[in-house]
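File shown: run_16.txt. Contents: compact mmCIF, C-alpha atoms.
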```txt
# COMPACT_ATOMS: atom_id res chain seq x y z
CA MET A 1 13.87 9.63 -20.84
CA THR A 2 12.47 6.76 -18.78
CA LYS A 3 14.89 4.03 -17.95
CA THR A 4 14.08 0.34 -17.70
CA VAL A 5 15.01 -1.68 -14.65
CA THR A 6 15.69 -5.38 -15.30
CA ARG A 7 16.60 -8.50 -13.32
CA ASN A 8 20.19 -7.28 -13.31
CA GLU A 9 19.33 -4.07 -11.40
CA LEU A 10 17.21 -6.09 -8.96
CA ALA A 11 20.20 -8.39 -8.39
CA ASN A 12 22.40 -5.30 -7.80
CA ALA A 13 19.93 -3.98 -5.22
CA VAL A 14 19.91 -7.37 -3.43
CA HIS A 15 23.72 -7.52 -3.58
CA GLN A 16 24.00 -4.04 -2.02
CA GLN A 17 21.24 -4.44 0.58
CA ILE A 18 22.08 -7.92 1.81
CA GLY A 19 25.75 -8.22 0.91
CA LEU A 20 25.44 -11.54 -0.94
CA SER A 21 27.65 -12.11 -3.99
CA HIS A 22 26.35 -10.77 -7.28
CA ASN A 23 26.01 -14.27 -8.62
CA GLU A 24 24.03 -15.52 -5.64
CA SER A 25 21.87 -12.36 -5.67
CA ALA A 26 20.99 -12.96 -9.33
CA GLN A 27 20.09 -16.58 -8.58
CA LEU A 28 17.89 -15.55 -5.66
CA VAL A 29 16.05 -12.93 -7.74
CA ALA A 30 15.39 -15.70 -10.27
CA SER A 31 14.10 -18.08 -7.58
CA VAL A 32 11.74 -15.46 -6.13
CA LEU A 33 10.21 -14.90 -9.57
CA GLU A 34 10.13 -18.66 -10.18
CA GLU A 35 8.24 -19.33 -6.93
CA VAL A 36 5.68 -16.63 -7.82
CA SER A 37 5.36 -18.06 -11.37
CA LEU A 38 4.90 -21.65 -10.12
CA CYS A 39 2.11 -20.54 -7.84
CA LEU A 40 0.34 -18.61 -10.62
CA GLU A 41 0.76 -21.58 -12.94
CA GLN A 42 -1.30 -23.64 -10.43
CA GLY A 43 -3.98 -20.95 -10.75
CA GLU A 44 -3.33 -19.64 -7.25
CA SER A 45 -3.19 -15.90 -6.46
CA VAL A 46 -0.07 -14.33 -5.02
CA LYS A 47 -0.71 -11.62 -2.44
CA LEU A 48 2.26 -9.46 -1.54
CA SER A 49 1.31 -7.05 1.21
CA SER A 50 2.19 -3.39 0.54
CA PHE A 51 2.97 -4.32 -3.10
CA GLY A 52 -0.12 -5.86 -4.72
CA THR A 53 -1.89 -9.04 -5.79
CA PHE A 54 -1.32 -11.19 -8.88
CA SER A 55 -4.28 -13.30 -9.92
CA VAL A 56 -5.02 -15.68 -12.79
CA HIS A 57 -8.32 -15.41 -14.67
CA SER A 58 -9.80 -17.85 -17.18
CA LYS A 59 -11.30 -16.38 -20.33
CA ASN A 60 -13.89 -18.22 -22.43
CA GLU A 61 -13.62 -18.60 -26.17
CA ARG A 62 -15.02 -15.61 -28.05
CA ILE A 63 -15.22 -14.17 -31.53
CA GLY A 64 -12.94 -11.19 -31.94
CA ARG A 65 -12.02 -9.03 -34.84
CA ASN A 66 -8.65 -8.09 -36.23
CA PRO A 67 -8.75 -4.33 -35.66
CA LYS A 68 -6.59 -3.67 -38.70
CA THR A 69 -8.38 -5.81 -41.29
CA GLY A 70 -11.83 -6.18 -39.71
CA VAL A 71 -11.70 -9.95 -40.26
CA GLU A 72 -13.50 -11.98 -37.58
CA ALA A 73 -11.41 -14.54 -35.75
CA ARG A 74 -12.02 -17.09 -33.02
CA ILE A 75 -10.13 -16.25 -29.84
CA SER A 76 -9.32 -19.47 -28.01
CA PRO A 77 -10.06 -19.88 -24.30
CA ARG A 78 -7.04 -18.77 -22.29
CA ARG A 79 -5.73 -17.84 -18.89
CA VAL A 80 -4.56 -14.30 -18.26
CA LEU A 81 -2.66 -12.74 -15.40
CA SER A 82 -3.77 -9.54 -13.73
CA PHE A 83 -2.03 -7.39 -11.18
CA ARG A 84 -3.87 -5.19 -8.65
CA PRO A 85 -1.55 -2.69 -7.04
CA SER A 86 -1.89 -2.16 -3.29
CA ASN A 87 -3.29 1.11 -1.98
CA LEU A 88 0.14 1.83 -0.56
CA MET A 89 1.76 1.56 -4.00
CA LYS A 90 -0.94 3.78 -5.55
CA LYS A 91 -0.43 6.38 -2.80
CA ARG A 92 3.34 6.32 -3.21
CA ILE A 93 3.03 6.87 -6.96
CA ASN A 94 0.46 9.65 -6.49
CA PRO A 95 1.41 11.59 -3.36
CA GLU A 96 -0.96 14.45 -2.53
CA MET B 1 0.29 -17.54 -1.52
CA THR B 2 1.13 -14.61 0.72
CA LYS B 3 4.44 -12.85 1.20
CA SER B 4 5.17 -14.82 4.38
CA GLU B 5 4.42 -18.11 2.58
CA LEU B 6 6.74 -17.06 -0.24
CA ILE B 7 9.47 -16.31 2.31
CA ALA B 8 8.91 -19.71 3.99
CA ARG B 9 9.21 -21.58 0.66
CA LEU B 10 12.41 -19.75 -0.25
CA ALA B 11 13.83 -20.37 3.22
CA ALA B 12 13.19 -24.11 2.81
CA GLN B 13 15.12 -24.09 -0.50
CA ASN B 14 18.01 -22.04 0.86
CA PRO B 15 18.87 -23.54 4.26
CA SER B 16 22.27 -21.79 4.26
CA LEU B 17 20.68 -18.32 4.40
CA TYR B 18 19.31 -16.53 7.45
CA HIS B 19 15.53 -16.26 7.50
CA ARG B 20 15.98 -12.52 8.06
CA ASP B 21 18.01 -12.24 4.84
CA ILE B 22 15.30 -14.05 2.85
CA GLU B 23 12.80 -11.51 4.19
CA ARG B 24 15.11 -8.69 3.13
CA LEU B 25 15.59 -10.34 -0.27
CA VAL B 26 11.85 -10.43 -0.97
CA ASN B 27 11.28 -6.91 0.37
CA THR B 28 14.23 -5.49 -1.59
CA ILE B 29 12.93 -6.93 -4.87
CA PHE B 30 9.38 -5.64 -4.51
CA ASP B 31 10.41 -2.32 -2.94
CA THR B 32 12.85 -1.71 -5.81
CA ILE B 33 10.02 -2.29 -8.31
CA THR B 34 7.81 0.19 -6.41
CA GLU B 35 10.63 2.79 -6.16
CA THR B 36 11.26 2.49 -9.90
CA LEU B 37 7.60 3.23 -10.65
CA VAL B 38 7.58 6.12 -8.13
CA ALA B 39 10.53 7.59 -10.08
CA GLY B 40 8.46 7.32 -13.29
CA ASP B 41 10.54 4.50 -14.79
CA ARG B 42 9.56 0.98 -15.84
CA VAL B 43 10.57 -2.54 -14.84
CA GLU B 44 10.91 -5.34 -17.36
CA LEU B 45 11.41 -8.89 -16.15
CA ARG B 46 11.82 -11.13 -19.21
CA GLY B 47 9.62 -14.21 -19.06
CA PHE B 48 7.62 -12.79 -16.16
CA GLY B 49 6.22 -9.43 -17.17
CA ALA B 50 6.68 -5.67 -17.19
CA PHE B 51 5.53 -2.95 -14.80
CA SER B 52 4.88 0.51 -16.19
CA LEU B 53 2.70 3.54 -15.51
CA ARG B 54 -0.48 4.53 -17.30
CA GLU B 55 -1.69 8.13 -17.16
CA ARG B 56 -5.31 8.65 -16.07
CA GLU B 57 -6.80 11.99 -17.01
CA GLY B 58 -8.64 14.07 -14.44
CA ARG B 59 -12.42 13.77 -14.66
CA MET B 60 -15.61 14.95 -13.02
CA GLY B 61 -16.76 12.36 -10.53
CA ARG B 62 -19.61 12.28 -8.11
CA ASN B 63 -19.67 11.74 -4.38
CA PRO B 64 -21.87 8.62 -4.26
CA ARG B 65 -23.31 9.58 -0.88
CA THR B 66 -24.26 13.20 -1.52
CA GLY B 67 -24.50 13.19 -5.35
CA GLU B 68 -22.23 16.23 -5.37
CA ALA B 69 -19.95 16.66 -8.44
CA VAL B 70 -16.26 16.60 -7.55
CA LEU B 71 -13.11 16.94 -9.63
CA VAL B 72 -11.02 13.75 -9.64
CA ASN B 73 -7.38 14.70 -10.25
CA ALA B 74 -5.25 13.18 -13.01
CA LYS B 75 -3.13 10.32 -11.71
CA ARG B 76 -0.66 7.64 -12.67
CA MET B 77 -1.70 4.01 -12.27
CA PRO B 78 0.74 1.11 -12.07
CA PHE B 79 0.14 -1.32 -14.93
CA PHE B 80 1.41 -4.90 -15.32
CA LYS B 81 1.62 -6.73 -18.60
CA MET B 82 2.51 -10.40 -18.43
CA GLY B 83 5.51 -11.58 -20.43
CA LYS B 84 5.55 -14.12 -23.22
CA GLY B 85 7.11 -16.84 -21.07
CA MET B 86 4.42 -16.40 -18.42
CA ARG B 87 1.65 -16.44 -21.03
CA GLU B 88 3.01 -19.73 -22.36
CA ARG B 89 3.26 -21.23 -18.87
CA LEU B 90 -0.35 -20.31 -18.10
CA ASN B 91 -1.61 -21.73 -21.42
CA LYS B 92 0.28 -24.97 -21.92
CA ASP B 93 -2.32 -27.27 -23.46
```

Using structure tokens, write down the structure that the file contains.
Amino acid sequence: MTKTVTRNELANAVHQQIGLSHNESAQLVASVLEEVSLCLEQGESVKLSSFGTFSVHSKNERIGRNPKTGVEARISPRRVLSFRPSNLMKKRINPE
Amino acid sequence: MTKSELIARLAAQNPSLYHRDIERLVNTIFDTITETLVAGDRVELRGFGAFSLREREGRMGRNPRTGEAVLVNAKRMPFFKMGKGMRERLNKD
């Protein structure tokens, strides 16, 4: 069974590694994610060496189709977020 | 923004912390996410997004230089899906 790691486990890891209080660790995890989010919101990429790169892409309006009903629908222009894992992460997940 | 810029911004907001601890904070967070994926588990950060693994089947590829057919092994690729909160922040108007 795969388990799911959440903000709480990240805060625990920070608490154990750095020795800050649990409360402060949780707040710092939140501020790291907030800084990354703010940057992406401006449309700027976030490059984290040895982890990967988050980048924002703009999509034009297009006509899509509801795959269940087959009804055509207009898909509004939107911004999406993509993540490209670093080579190091890919290698760590797939060791030879 | 790069990792060192991220660390600098966090350091400016948290003047009571050592710069070294901010570096460790950022590294601990992203290393823990990587370790979780290496273990085959997933990470879900509400409002931000979720990291999981997608299985890629093995396939016959081709060496682009020699044209020789080679077997590409099955592998697991990290996959990120943005969360609802993030989607809303990126599409406000």

Residues near Pro95 (chain A), cut-off 10 Å, all atoms listed in the file, skip fewer than 5 positions along chain, as a list in words: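 Once the nearby chain positions are removed, what remains is Lys90 of chain A; Val38 and Lys75 of chain B.
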
Polymer residues at most 7 Å from Phe51 (chain A), all atoms listed in the file, same-chain spacing of 3 or more positions, as a list in words: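 Counting only the stated atoms, we get Leu48, Pro85, Ser86 and Met89 of chain A; Phe30 of chain B.
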
For Asn8 (chain A), the nearest of the candidates B:Leu45, B:Ala74, B:Ala69, B:Ala50, counting only C-alpha atoms: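 Closest residue, counting only C-alpha atoms: B:Leu45.
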
Of the listed residues B:Arg46, B:Arg56, B:Arg76, B:Arg9, that which approaches Asn94 (chain A) most closely, counting all atoms listed in the file: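 Result for the nearest residue to Asn94 (chain A): B:Arg76.
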
Atom-to-atom span, CA of Met77 (chain B) and CA of Glu44 (chain A), Å: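 Distance reported for this atom pair: 24.2 Å.
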